[in-house]
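Worksheet: the structure to be examined is printed underneath.
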Amino acid sequence: MTENMYDVIVAGAGMAGLLAAATASKGGAKVLLLDRNDRTEVGKKTNWGWVCGDAVASSHLQFITSRTGLDFSHPELNNKVDGVYALSPDLKSKFLFEGEGYILNRPKFETKLLEFALKSGVEYLPNFEVERPLIENNFVVGVAGKDAGKEHKEFKAKVVIDALGIATTIRRKLPENPYVERDIDIDDIESTGRFLYEFELDHEDLNFYDPKNAIIHLNQEIAPGGYGWVFPKGDNKVNIGIGVQRRSLGIRNEKLKKNDNLHSLMDEYVRTNPVVKNIKPFTEGHNGSKGYWSVAVRRQMESLVFNGYLGAGDSMAMPNPISAGGIGPAMVSGILAGENAAYAVSKGDVGIDSLWKYNLEFNNLYGKKTAALEVFRIYLQSLNNDVINYGMKNFLSPSEAESLSYGNVPELGLASKFKMILKGASNLSAFTNLLHVVKKMKQLNELYSRYPQSPKEFMAWKGIVSREMADVKEKFKPNPI
Ligand SMILES: Cc1cc2nc3c(=O)[nH]c(=O)nc-3n(C[C@H](O)[C@H](O)[C@H](O)COP(=O)(O)OP(=O)(O)OC[C@H]3O[C@@H](n4cnc5c(N)ncnc54)[C@H](O)[C@@H]3O)c2cc1C
């Protein structure tokens, strides 16, 4: 049975979907927001709960405030941090990764966004499982799924915004098309898990718990192909977890003759933290204190639009390829997708040409740096702990590393290091490779600065991006140990 015609259907009421729905509605569209969760659990990602590190840069929150007028404070913001620091495996080098930010109370944050969406006039249908897009004449024209009573239902709209997160049942079921790919390479996905713990501080050691900063441990034995994190939530509470690349984990296990999985690595990471002691799980409205989920760490899908279709947030692989931070891009893209959907509907043209403006706006505000960051991530995954230790000490100054983490490529400092004496063949090759990586990052930044102005130029451009990325993956294979 096909129900009601809407201007815009937003599938998924997470960070991206809630803001997309609110913005489209404020833009004058008749909006239906669908999500499988009950209203009391808005934003819950999986049965495991609101699984996330919950850290977000202040700049993203400021952007949301500037575009929506929404202000954030306690209780949806748990704790302010001065920055996010990445530590080398030997803990001797520390690089600032991202500036000031907040650790969120995710359930409260998303409840606030839902209230905003409802006030903006959005029609909200919780407990609805989205199973697939409805397709007519190569256009997405709605979605099909099951309601709370497990009854099959179809809803039609002029435009569908896919905000279903990484396991999206819409993008993965789009008609075969040259714009939005349906699959993501498994090597571009991190398996992650996090705990929420109250603890007693055994002694002070800012390398393992820092009440004022979020810390990240780069360590290919502890978190192969990813990293561990300790994010302070205030009042001796912590969000602690790890992310791993499955392929790196397999290589690491084989080399070390171990049989670890994400669960055992997470337990070990918490057990070996020397300062976080006498832990007690807390939930703060979450479903349990332990949870697992996946994050894509590649550039966002090259096109975020198709006929009658826009994607936002994790459904489009938007998290930062190095930090896996996806809250910011999910919220930014949600707002832009909502605005563009409403605009296209008002013009009476929801074809890919008309929706293309969203690609350009997202690329300009955020997306243009992610391909370069993906290159750096692939390089990082090819280094063992010794080389990471050496490289963080000798290859880059903290300010060069910080600018790399934002996707900007440093110029002078690196060239001058040609003169330095590098100890060990593996370090020399890692440094030569870094120079190659920096060159690739520049090329990709340049390519993304020439993001195609319309679908017509897209295929040629995408061909170059795909070749560049394939080259990088061919040259740098995961090699954690
Ligand atoms: C362990 C972990 C740690 C992380 N740490 C950080 C961090 O510290 N900082 C940061 O910025 N990012 C972090 N991220 C990434 C961040 O959580 C995501 O990028 C962000 O939640 C994306 O928001 P979204 O709205 O796109 O998707 P989601 O939050 O996944 O929301 C998707 C919504 O769609 C609903 N849905 C899904 N499928 C269906 C369906 N078939 N039918 C109906 N509804 C459906 C879900 O219930 C959910 O409400 C982390 C991720 C993980 C897994």
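Ligands are numbered from 1 in the order shown, residues from 1 within each chain, and chains are lettered A, B, ... in the order they appear in the structure tokens.
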Give me, as a PyMOL selection string, the set of residues whose atoms come within 6 Å of any atom of ligand 1, counting only C-alpha atoms and all ligand atoms. chain A and resi 12-17+35-37+43-45+51-56+128-131+163-165+168-169+192-194+293-295+313-315+319+324-328+330
Taking C-alpha atoms for each residue, export the selection above as a tab-separated table (two decimals), in the first residue's frame.
chain	number	residue	atom	x	y	z
A	12	GLY	CA	17.06	7.92	9.68
A	13	ALA	CA	16.71	10.21	12.70
A	14	GLY	CA	20.34	10.41	13.80
A	15	MET	CA	22.57	13.48	13.77
A	16	ALA	CA	22.29	13.94	10.01
A	17	GLY	CA	18.61	13.04	9.57
A	35	ASP	CA	13.36	5.83	12.00
A	36	ARG	CA	13.35	2.33	13.46
A	37	ASN	CA	13.84	3.59	17.03
A	43	GLY	CA	19.44	8.59	17.64
A	44	LYS	CA	20.26	5.10	18.97
A	45	LYS	CA	22.46	3.57	16.31
A	51	VAL	CA	27.80	3.81	20.18
A	52	CYS	CA	30.23	6.67	19.68
A	53	GLY	CA	33.26	8.41	21.18
A	54	ASP	CA	30.97	11.47	21.40
A	55	ALA	CA	33.74	14.02	20.75
A	56	VAL	CA	32.95	16.95	18.50
A	128	PHE	CA	9.52	2.17	11.20
A	129	GLU	CA	12.10	-0.10	9.55
A	130	VAL	CA	13.22	1.22	6.15
A	131	GLU	CA	13.90	-1.73	3.86
A	163	ALA	CA	20.51	9.43	6.66
A	164	LEU	CA	20.42	5.76	7.70
A	165	GLY	CA	24.04	5.57	8.80
A	168	THR	CA	22.00	2.15	4.92
A	169	THR	CA	19.36	0.11	3.16
A	192	THR	CA	35.03	-0.03	16.69
A	193	GLY	CA	33.87	-0.46	20.23
A	194	ARG	CA	33.50	1.75	23.25
A	293	TRP	CA	29.66	-0.57	15.52
A	294	SER	CA	31.49	0.31	12.30
A	295	VAL	CA	32.82	3.56	10.85
A	313	GLY	CA	26.26	11.57	7.28
A	314	ASP	CA	27.54	8.01	7.66
A	315	SER	CA	25.32	6.69	4.86
A	319	PRO	CA	33.61	10.48	8.95
A	324	ALA	CA	36.81	8.78	12.34
A	325	GLY	CA	35.04	11.92	13.59
A	326	GLY	CA	31.68	11.80	11.84
A	327	ILE	CA	29.42	13.90	14.06
A	328	GLY	CA	30.55	17.19	12.52
A	330	ALA	CA	26.87	14.43	9.63
Neighbour list for A:Glu221 as a JSON list (two decimals) with C-alpha atoms, in the first residue's frame, cut-off 8 Å, only C-alpha atoms, skip fewer than 2 positions in-chain:
[["chain", "number", "residue", "atom", "x", "y", "z"],
["A", 219, "ASN", "CA", 49.59, 1.66, 18.49],
["A", 223, "ALA", "CA", 44.65, -1.17, 17.85],
["A", 224, "PRO", "CA", 45.99, -2.41, 14.48],
["A", 252, "ARG", "CA", 48.97, -8.56, 13.40],
["A", 385, "ASN", "CA", 55.11, 0.98, 15.84],
["A", 480, "PRO", "CA", 51.10, -3.21, 11.34],
["A", 481, "ILE", "CA", 53.88, -5.31, 12.85]]
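Excluding stretch 471-473 of chain A itself and any same-chain residue fewer than 6 positions from it, the protein and nucleic acid residues within 9 Å of it, counting only C-alpha atoms, are Val375, Ile378, Tyr379, Val437 and Lys440 of chain A.
The interatomic distance for the pair atom CA of A:Lys30 and atom CA of A:Asp7 works out to 5.1 Å.
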I'd like the neighbourhood of stretch 257-274 of chain A as JSON, numbers by chain, where a residue qualifies if any of its atoms comes within 10 Å (using only C-alpha atoms), though same-chain residues fewer than 4 positions away should be ignored. {"A": [191, 192, 193, 194, 195, 197, 201, 202, 203, 204, 205, 207, 208, 209, 221, 222, 223, 224, 228, 229, 230, 240, 241, 242, 243, 244, 245, 246, 249, 250, 251, 252, 253, 279, 291, 292]}
